[in-house]
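J.: Please read through the structure below; I'll follow up with questions.
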Amino acid sequence: MNIMPGLESTASALAAEKVRLDVIGQNIANAHTTRGPDGQPYARKMVSFEAKLLEVGTNSDGGKNFTTGVGIKGIKSDPKAGPLVYNPGHPDADEKGMVRLPNVNLTHEMVDLIAASRSYEANLQVVRTAKQMAQNALRMGR
Amino acid sequence: MIDQIYDRENYVLAKKLLDVSHARHEAISGNLANVETPGYKRVDIKTDFAEELKKLAKSNDIESISALRATLETDLNSPSVRPDGNNVQLDSELMKMNKNAMQYEFLTQYTANSLKRIKTAITGRVM
């Protein structure tokens, strides 16, 4: 048994949420990127999470203790085509003057951003509470 | 002789409840870690654990109390508001966490005070 309960699962969640924030940042940064390395407009990336069993030491009977953490299952590109807009002066316009924009929806990304930062905050609160509990436990003998 | 001091039922009960509180924080942190995981179901201490402990506390059966284990179970009864079936709710989970931490604080203070009383009895001085 470790003195700060739930630290491993919270750490995994903070790492996962940070990856999600990174990807959202990437999507917002590339909201107007009409040409990537493959010549195609940028495709929105999505992070998917999965629950993961983490080993957290052994208990008093010698058995292993597990806790549920979270991991990144994968980062997938959204295959949906972005909007076509008429802009004949654009360097990436086709012969008809149409430009294919990325399929990034800024509203969508902002909502995701808020959700990700809220769950990051919630997990930080878990660490703070665990620290408080450990301090209380350590003060017991005094 | 010293064992008799530490084997009193309220001390054993406080110790057991501290263990439960610790395990509960572990469970809640797992739930909050998976607040965005599709299909995840929240876990918590088994619902009938409190009843069982209450019954044992009434019977003053120290050995059964210390042998009782708080096991976690998946909570399938909480409603899910998400299409993927995840039933973790951020606010209620945070409330449960705060309540649990408060209980932990109460128990640590209770245990600390009973230890202090033992010290007072041994030394004859109020510290």
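Labeling convention for the structure tokens: chains A, B, ... as they appear, residues from 1 per chain, ligands from 1 in order of appearance.
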Out of region 8-123 of chain B, which residues get strand (DSSP E) from DSSP, as a PDB file with C-alpha atoms, in the first residue's frame?
T.:
```pdb
ATOM      1  CA  VAL B  43     -16.112   1.554  -9.438  1.00  0.00           C
ATOM      2  CA  ASP B  44     -16.730   2.040  -5.729  1.00  0.00           C
ATOM      3  CA  ILE B  45     -16.583   0.146  -2.443  1.00  0.00           C
ATOM      4  CA  LEU B  72     -14.451  -2.766  -5.047  1.00  0.00           C
ATOM      5  CA  GLU B  73     -17.307  -3.404  -7.412  1.00  0.00           C
ATOM      6  CA  THR B  74     -18.366  -1.950 -10.703  1.00  0.00           C
TER       7      THR B  74
END
```
J.: Define the interface residues of chain B facing chain A as those within 8 Å, counting only C-alpha atoms, and report them as a list in words.
T.: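 The complete set of qualifying residues is His22, Ala23, His25, Glu26, Ala27, Ile28, Ser29, Gly30, Asn31, Leu32, Ala33, Asn34, Val35, Glu36, Thr37, Pro38, Tyr40, Leu90, Leu94, Met97, Asn98, Ala101, Tyr104, Glu105, Thr108, Gln109, Thr111, Ala112 and Leu115 of chain B.
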J.: What are the DSSP helix (DSSP H, G or I) residues of region 12-134 of chain A, as number ranges by chain?
T.: A: 12-29, 106-134
J.: Would you please work out which residue, of B:Ser59, B:Thr71, B:Ser78, B:Ser66, is nearest to Lys16 (chain B) when using only C-alpha atoms?
T.: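 Once distances to Lys16 (chain B) are computed over only C-alpha atoms, the minimum belongs to B:Ser66.
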J.: CA of Lys45 (chain A) and CA of Asp112 (chain A), how far apart in Å?
T.: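 Interatomic distance here is 12.0 Å.
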J.: Restricting the calculation to only C-alpha atoms, which member of B:Leu56, B:Arg42, B:Thr120, B:Pro83 is positioned closest to Val12 (chain B)?
T.: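 The closest residue to Val12 (chain B) is B:Leu56.
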J.: Grab the CA of Met46 (chain A) to CA of Val85 (chain A) distance for me, in Å with one decimal place.
T.: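 Interatomic distance, CA of Met46 (chain A) to CA of Val85 (chain A): 24.2 Å.
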